[in-house]
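Visitor: target-v1.cif is reproduced in full below (mmCIF, C-alpha atoms).
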data_protein
#
loop_
_atom_site.label_atom_id
_atom_site.label_comp_id
_atom_site.auth_asym_id
_atom_site.auth_seq_id
_atom_site.Cartn_x
_atom_site.Cartn_y
_atom_site.Cartn_z
CA MET A 151 -9.74 -7.83 -14.25
CA ALA A 152 -7.37 -9.60 -16.46
CA SER A 153 -7.20 -13.32 -16.11
CA ASN A 154 -4.73 -16.03 -16.90
CA THR A 155 -2.06 -13.60 -18.05
CA ILE A 156 0.81 -14.98 -15.98
CA ARG A 157 2.74 -18.02 -17.11
CA PRO A 158 5.41 -18.94 -14.55
CA ARG A 159 7.96 -21.73 -14.59
CA ALA A 160 10.17 -22.38 -11.59
CA TRP A 161 12.72 -25.00 -10.77
CA ILE A 162 15.38 -25.79 -8.20
CA ASP A 163 19.09 -26.10 -8.80
CA GLY A 164 20.80 -26.95 -5.52
CA ASP A 165 19.59 -24.38 -3.02
CA ILE A 166 18.65 -21.80 -5.62
CA ALA A 167 15.30 -21.49 -7.31
CA THR A 168 15.03 -19.96 -10.76
CA LEU A 169 11.74 -18.42 -11.78
CA LYS A 170 10.88 -17.43 -15.31
CA MET A 171 7.61 -15.71 -16.03
CA LEU A 172 5.90 -14.51 -19.14
CA ILE A 173 3.00 -12.11 -18.82
CA THR A 174 0.48 -11.31 -21.50
CA HIS A 175 0.11 -7.53 -21.55
CA PRO A 176 0.12 -4.89 -24.33
CA MET A 177 2.60 -2.56 -22.53
CA GLU A 178 1.42 0.43 -24.59
CA THR A 179 3.68 3.46 -24.15
CA GLY A 180 1.05 6.09 -24.95
CA ARG A 181 3.25 7.35 -27.78
CA ARG A 182 2.11 5.02 -30.54
CA LYS A 183 -0.61 6.05 -33.00
CA ASP A 184 -3.26 3.81 -34.40
CA LYS A 185 -2.38 3.42 -38.09
CA LYS A 186 -6.00 3.58 -39.26
CA SER A 187 -7.53 6.29 -37.10
CA GLY A 188 -4.35 8.28 -36.44
CA LYS A 189 -5.33 8.54 -32.80
CA VAL A 190 -2.81 8.03 -30.04
CA ILE A 191 -3.22 4.67 -28.33
CA PRO A 192 -3.50 5.42 -24.59
CA ALA A 193 -0.72 4.21 -22.32
CA HIS A 194 -1.44 0.82 -20.81
CA PHE A 195 1.36 -0.92 -18.98
CA ILE A 196 2.14 -2.92 -15.85
CA GLU A 197 3.48 -0.70 -13.06
CA THR A 198 4.26 -3.12 -10.27
CA LEU A 199 4.86 -6.84 -10.12
CA LYS A 200 5.46 -8.87 -7.03
CA VAL A 201 6.77 -12.38 -6.47
CA GLU A 202 6.15 -14.09 -3.15
CA HIS A 203 7.80 -17.31 -2.02
CA ASN A 204 5.96 -18.96 0.91
CA GLY A 205 4.40 -15.59 1.70
CA GLN A 206 7.70 -13.66 1.67
CA VAL A 207 8.29 -11.08 -1.05
CA VAL A 208 11.41 -12.02 -3.02
CA LEU A 209 10.99 -9.63 -5.93
CA ASP A 210 9.23 -6.28 -6.06
CA ALA A 211 9.47 -4.97 -9.60
CA LEU A 212 8.64 -1.48 -10.86
CA LEU A 213 8.01 -1.54 -14.57
CA GLY A 214 7.62 1.30 -17.02
CA PRO A 215 6.25 1.51 -20.55
CA ALA A 216 9.73 0.73 -21.93
CA VAL A 217 9.44 -2.88 -20.87
CA SER A 218 8.66 -4.95 -23.96
CA LYS A 219 5.16 -6.10 -24.82
CA ASN A 220 4.30 -9.35 -23.05
CA PRO A 221 6.97 -8.88 -20.39
CA PHE A 222 9.43 -11.62 -19.59
CA ILE A 223 11.19 -11.59 -16.22
CA GLN A 224 13.62 -14.07 -14.76
CA CYS A 225 14.93 -14.04 -11.20
CA LYS A 226 16.67 -16.37 -8.75
CA PHE A 227 16.41 -16.77 -4.99
CA LYS A 228 17.88 -18.89 -2.25
CA GLY A 229 16.34 -21.06 0.43
CA ALA A 230 13.68 -22.66 -1.71
CA LYS A 231 12.55 -26.26 -1.94
CA SER A 232 10.64 -28.27 -4.46
CA LYS A 233 6.84 -27.87 -4.07
CA ASP A 234 7.20 -24.48 -2.34
CA ALA A 235 4.38 -22.06 -3.05
CA LEU A 236 4.89 -19.04 -5.27
CA LYS A 237 2.52 -16.19 -5.87
CA ILE A 238 2.98 -13.71 -8.68
CA SER A 239 0.79 -10.63 -9.02
CA TRP A 240 0.76 -7.41 -11.02
CA ILE A 241 -1.10 -4.11 -11.18
CA ASP A 242 -1.18 -1.88 -14.26
CA ASN A 243 -1.74 1.86 -14.78
CA LYS A 244 -5.46 1.31 -15.38
CA GLY A 245 -5.84 -0.50 -12.08
CA GLU A 246 -6.22 -3.90 -13.69
CA THR A 247 -4.63 -6.77 -11.81
CA ASP A 248 -3.94 -10.45 -12.05
CA SER A 249 -2.30 -12.98 -9.79
CA LYS A 250 -1.22 -16.55 -10.10
CA ASP A 251 -0.31 -19.24 -7.62
CA ALA A 252 2.34 -21.69 -8.69
CA LYS A 253 4.62 -24.35 -7.27
CA ILE A 254 8.33 -24.81 -7.71
CA ASN A 255 9.03 -27.95 -9.72
CA MET B 31 -12.81 -5.49 21.42
CA LYS B 32 -13.60 -3.45 18.39
CA ARG B 33 -12.51 -0.30 20.06
CA ARG B 34 -9.22 -1.93 20.95
CA THR B 35 -8.47 -3.03 17.37
CA LEU B 36 -9.40 0.43 16.15
CA LEU B 37 -6.99 1.94 18.60
CA LYS B 38 -4.25 -0.46 17.58
CA GLY B 39 -4.87 0.27 13.92
CA SER B 40 -4.69 4.01 14.32
CA LEU B 41 -1.64 3.68 16.54
CA SER B 42 0.33 1.68 13.96
CA ALA B 43 -0.77 4.08 11.25
CA GLY B 44 0.54 6.88 13.44
CA VAL B 45 3.88 5.15 13.81
CA ALA B 46 4.17 4.70 10.05
CA GLY B 47 3.33 8.36 9.59
CA VAL B 48 6.06 9.38 11.99
CA ALA B 49 8.54 7.13 10.19
CA VAL B 50 7.67 8.78 6.89
CA ALA B 51 7.99 12.23 8.41
CA ALA B 52 11.36 11.35 9.90
CA GLY B 53 12.54 10.23 6.47
CA LEU B 54 13.19 6.71 7.66
CA LEU B 55 10.85 5.24 5.13
CA THR B 56 10.09 6.73 1.77
CA PRO B 57 6.42 6.72 0.86
CA GLN B 58 7.31 4.22 -1.88
CA MET B 59 8.35 1.65 0.68
CA VAL B 60 5.17 2.08 2.67
CA MET B 61 2.69 2.29 -0.16
CA ALA B 62 4.68 0.50 -2.88
CA ALA B 63 3.48 3.32 -5.12
CA TRP B 64 4.77 3.53 -8.64
CA PRO B 65 7.47 6.27 -8.84
CA LYS B 66 5.98 8.30 -11.69
CA ALA B 67 8.58 11.08 -11.54
CA ALA B 68 11.43 8.61 -12.01
CA PHE B 69 9.79 6.95 -15.00
CA ASP B 70 8.89 10.34 -16.55
CA ALA B 71 12.42 11.73 -16.13
CA LYS B 72 14.09 12.61 -19.44
CA ALA B 73 17.69 12.02 -18.36
CA ILE B 74 19.61 9.32 -16.51
CA ASP B 75 20.55 11.62 -13.62
CA GLY B 76 16.99 12.73 -12.95
CA ALA B 77 15.61 9.22 -13.18
CA VAL B 78 18.22 7.73 -10.87
CA SER B 79 18.07 10.47 -8.25
CA SER B 80 14.29 10.45 -8.24
CA LEU B 81 14.19 6.67 -7.91
CA LEU B 82 17.14 5.96 -5.63
CA GLY B 83 17.69 9.26 -3.86
CA SER B 84 21.09 10.07 -5.37
CA SER B 85 22.60 10.27 -8.84
CA LYS B 86 26.13 9.57 -7.65
CA LEU B 87 27.06 6.46 -9.59
CA ALA B 88 30.37 4.65 -9.18
CA SER B 89 31.16 2.60 -12.25
CA SER B 90 31.89 -0.98 -11.31
CA SER B 91 33.49 -3.84 -13.20
CA ASP B 92 31.66 -6.26 -10.90
CA ILE B 93 28.40 -5.69 -12.74
CA SER B 94 27.81 -7.70 -15.86
CA ILE B 95 25.23 -6.75 -18.47
CA LYS B 96 24.36 -9.29 -21.10
CA ALA B 97 22.76 -7.70 -24.13
CA PRO B 98 22.94 -8.31 -27.86
CA PRO B 99 25.55 -6.00 -29.50
CA ILE B 100 23.17 -5.57 -32.41
CA ALA B 101 19.41 -5.70 -31.89
CA GLU B 102 17.45 -6.03 -35.09
CA ASN B 103 14.20 -5.36 -33.30
CA GLY B 104 14.44 -2.55 -30.79
CA ALA B 105 11.03 -3.45 -29.39
CA VAL B 106 12.35 -6.61 -27.76
CA VAL B 107 15.91 -6.51 -26.47
CA ASN B 108 17.01 -9.17 -23.99
CA ILE B 109 18.91 -7.72 -21.07
CA ALA B 110 20.41 -9.73 -18.21
CA VAL B 111 22.11 -8.02 -15.29
CA SER B 112 24.10 -9.83 -12.64
CA THR B 113 26.70 -8.68 -10.16
CA LYS B 114 29.30 -9.94 -7.73
CA LEU B 115 28.53 -7.05 -5.36
CA LYS B 116 27.13 -8.04 -1.97
CA ASN B 117 23.98 -6.84 -0.15
CA VAL B 118 22.24 -5.84 -3.33
CA SER B 119 18.86 -4.28 -2.62
CA SER B 120 17.89 -3.19 -6.12
CA ILE B 121 18.79 -3.46 -9.78
CA SER B 122 17.55 -0.82 -12.23
CA ILE B 123 17.81 -0.92 -16.00
CA LEU B 124 18.00 2.31 -18.03
CA VAL B 125 18.37 2.99 -21.74
CA GLU B 126 20.25 6.25 -22.26
CA LYS B 127 18.71 7.38 -25.56
CA ASN B 128 15.12 6.46 -24.82
CA ALA B 129 12.83 9.47 -24.35
CA GLN B 130 12.35 8.24 -20.79
CA PRO B 131 15.49 6.29 -19.86
CA LEU B 132 14.19 4.30 -16.88
CA THR B 133 12.73 1.00 -18.07
CA SER B 134 12.39 -0.98 -14.88
CA SER B 135 13.68 -1.36 -11.37
CA PHE B 136 13.72 -4.50 -9.28
CA ASN B 137 13.78 -4.47 -5.49
CA LEU B 138 15.41 -7.62 -4.21
CA ALA B 139 14.97 -9.37 -0.88
CA SER B 140 18.00 -10.63 1.04
CA VAL B 141 17.40 -14.16 -0.28
CA THR B 142 17.13 -12.98 -3.87
CA GLU B 143 20.24 -13.45 -6.01
CA PRO B 144 21.56 -10.26 -7.63
CA PHE B 145 20.40 -11.35 -11.05
CA ILE B 146 17.62 -10.11 -13.31
CA LYS B 147 16.74 -10.93 -16.87
CA THR B 148 14.06 -9.11 -18.82
CA ARG B 149 13.20 -7.61 -22.20
CA VAL B 150 13.07 -3.88 -22.87
CA LYS B 151 12.41 -1.47 -25.72
CA VAL B 152 15.41 0.40 -27.13
CA ALA B 153 14.36 3.27 -29.41
CA LYS B 154 17.71 3.71 -31.15
CA THR B 155 21.37 2.76 -30.76
CA SER B 156 22.15 3.52 -27.14
CA SER B 157 23.96 2.54 -24.02
CA VAL B 158 22.09 0.28 -21.65
CA ILE B 159 22.90 1.19 -18.08
CA ALA B 160 22.47 -1.03 -15.06
CA VAL B 161 22.36 0.63 -11.66
CA VAL B 162 22.91 -1.62 -8.66
CA LYS B 163 22.24 -0.51 -5.12
CA SER B 164 24.62 -2.38 -2.85
CA GLY B 165 25.06 -1.61 0.83
CA GLY B 166 23.28 1.72 0.34
CA LYS B 167 25.67 2.85 -2.43
CA LEU B 168 25.00 3.06 -6.15
CA PHE B 169 27.13 1.31 -8.75
CA SER B 170 26.66 1.22 -12.47
CA ALA B 171 27.84 -0.39 -15.68
CA LYS B 172 27.13 0.29 -19.36
CA ARG B 173 26.83 -1.68 -22.53
CA GLU B 174 26.15 -0.44 -26.04
CA VAL B 175 23.25 -1.89 -28.03
CA LYS B 176 23.01 -1.09 -31.74
CA VAL B 177 19.52 -0.96 -33.14
CA THR B 178 19.06 -1.56 -36.84
CA ILE B 179 15.72 -0.17 -37.87
CA GLY B 180 15.75 -1.81 -41.29
CA GLY B 181 15.64 -5.21 -39.70
CA CYS B 182 18.03 -6.69 -42.30
CA GLY B 183 20.91 -7.01 -39.89
CA GLY B 184 22.90 -4.37 -41.82
#
Let me see the structure of the file written as structure tokens.

Guide:
Amino acid sequence: MASNTIRPRAWIDGDIATLKMLITHPMETGRRKDKKSGKVIPAHFIETLKVEHNGQVVLDALLGPAVSKNPFIQCKFKGAKSKDALKISWIDNKGETDSKDAKIN
Amino acid sequence: MKRRTLLKGSLSAGVAGVAVAAGLLTPQMVMAAWPKAAFDAKAIDGAVSSLLGSSKLASSSDISIKAPPIAENGAVVNIAVSTKLKNVSSISILVEKNAQPLTSSFNLASVTEPFIKTRVKVAKTSSVIAVVKSGGKLFSAKREVKVTIGGCGG
């Protein structure tokens, strides 16, 4: 289980919340070779990522290996207030997961 | 009591099964499974039809893609997609010349603004394609990103 990989930042502008998140993950495509050993580095990437606002899913993302290493995702949603609860979670192709609770600023 | 909850559980599972069989819900919606076939597809058409059920794309000037015209590092290319279209349920980002064009797809709730910003890998100079599902129809827009392998901006 991965831990502390999700770094979110969320703020309110009027009625709209903006959420930026940065996730620490190698996002290996399975096509790269290790320069020293010449062996293919196995694919290792986040497959699904979910953002919940007060328990409601606002973003359900499907990611592939072509998302850059240490993925960055920004989204916006309506009907949010300051101090509202956010939960961000991901699952990768090896079954590893992480989740993070955050509050809107 | 236990028997009752068991019965309820199996009943709702049965209903979901019927919905899947009737084609009302795709297994993806029920299980939130990762659509491997769409991500493995080698061409735009295959990826889009596998992911969204149709490859009929109407090009739309209401979709805006923000991307650098020249990316010195193809491993990290900032892409922002936004649209004026209404009732947007998903935004997908594809890179035409990548071995597997589909990079990511974002399912949006009704409260979610039709806006997504992320970073993707672009193997070589290629069009970046955004596919927006709006009111059950598919719309798309393109933008060219040049990748300079040398990294000297030339």

Visitor: Could you tell me how far atom CA of Pro221 of chain A lies from atom CA of Ile93 of chain B, in Å and to one decimal?

Guide: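 Here the two named atoms are 23.0 Å from each other.
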
Visitor: Report the residues retrieved by the PyMOL selection byres ((chain A and resi 202-211) around 9) from the displayed file, expressed as a list in words.

Guide: Glu197, Thr198, Leu199, Lys200, Val201, Leu212, Leu213, Cys225, Lys226, Phe227, Ala230, Asp234, Ala235, Leu236, Lys237, Ile238 and Ser239 of chain A; Ala62, Ser134, Ser135, Phe136, Asn137, Leu138, Ala139, Ser140, Val141 and Thr142 of chain B

Visitor: Using the chain letters and numbers from this file, what does the PyMOL selection byres ((chain B and resi 66) around 10) select? Give the answer as a list in words.

Guide: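 Against this file, the PyMOL selection byres ((chain B and resi 66) around 10) returns the residues Glu197 and Gly214 of chain A; Ala63, Trp64, Pro65, Ala67, Ala68, Phe69, Asp70, Ala71, Ala77, Ser80 and Leu81 of chain B.
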
Visitor: Now that the selection is made, can you save its residues with C-alpha atoms as a short mmCIF file (atom, residue, chain, number, x, y, z; two decimals), in the coordinates of the input?

Guide:
data_model
loop_
_atom_site.label_atom_id
_atom_site.label_comp_id
_atom_site.auth_asym_id
_atom_site.auth_seq_id
_atom_site.Cartn_x
_atom_site.Cartn_y
_atom_site.Cartn_z
CA GLU A 197 3.48 -0.70 -13.06
CA GLY A 214 7.62 1.30 -17.02
CA ALA B 63 3.48 3.32 -5.12
CA TRP B 64 4.77 3.53 -8.64
CA PRO B 65 7.47 6.27 -8.84
CA ALA B 67 8.58 11.08 -11.54
CA ALA B 68 11.43 8.61 -12.01
CA PHE B 69 9.79 6.95 -15.00
CA ASP B 70 8.89 10.34 -16.55
CA ALA B 71 12.42 11.73 -16.13
CA ALA B 77 15.61 9.22 -13.18
CA SER B 80 14.29 10.45 -8.24
CA LEU B 81 14.19 6.67 -7.91
#

Visitor: Nearest residue to Glu126 of chain B out of B:Asn103, B:Thr155, B:Asn108, B:Thr113, using only C-alpha atoms?

Guide: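 Looking at the shortest contact to Glu126 of chain B, the residue is B:Thr155.
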
Visitor: Quick one: apply the PyMOL selection byres ((chain A and resi 153) around 12) to the file and drop the selected residues here as a short mmCIF file (atom, residue, chain, number, x, y, z; two decimals) with C-alpha atoms, in the coordinates of the input.

Guide:
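Wrote it out as out34.cif, contents follow:
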data_model
loop_
_atom_site.label_atom_id
_atom_site.label_comp_id
_atom_site.auth_asym_id
_atom_site.auth_seq_id
_atom_site.Cartn_x
_atom_site.Cartn_y
_atom_site.Cartn_z
CA MET A 151 -9.74 -7.83 -14.25
CA ALA A 152 -7.37 -9.60 -16.46
CA ASN A 154 -4.73 -16.03 -16.90
CA THR A 155 -2.06 -13.60 -18.05
CA ILE A 156 0.81 -14.98 -15.98
CA ARG A 157 2.74 -18.02 -17.11
CA ILE A 173 3.00 -12.11 -18.82
CA THR A 174 0.48 -11.31 -21.50
CA HIS A 175 0.11 -7.53 -21.55
CA SER A 239 0.79 -10.63 -9.02
CA TRP A 240 0.76 -7.41 -11.02
CA GLU A 246 -6.22 -3.90 -13.69
CA THR A 247 -4.63 -6.77 -11.81
CA ASP A 248 -3.94 -10.45 -12.05
CA SER A 249 -2.30 -12.98 -9.79
CA LYS A 250 -1.22 -16.55 -10.10
#

Visitor: Using only C-alpha atoms, pick whichever of B:Ser119, B:Ser156, B:Ser79, B:Ser170 has the shortest atom-to-atom distance to chain A.

Guide: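 Smallest distance to chain A is found for B:Ser119.
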
Visitor: Using all atoms listed in the file, which of B:Ile95, B:Ala101, B:Val152, B:Ile159 sits nearest Pro215 of chain A?

Guide: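 Using all atoms listed in the file, Pro215 of chain A sits closest to B:Val152.
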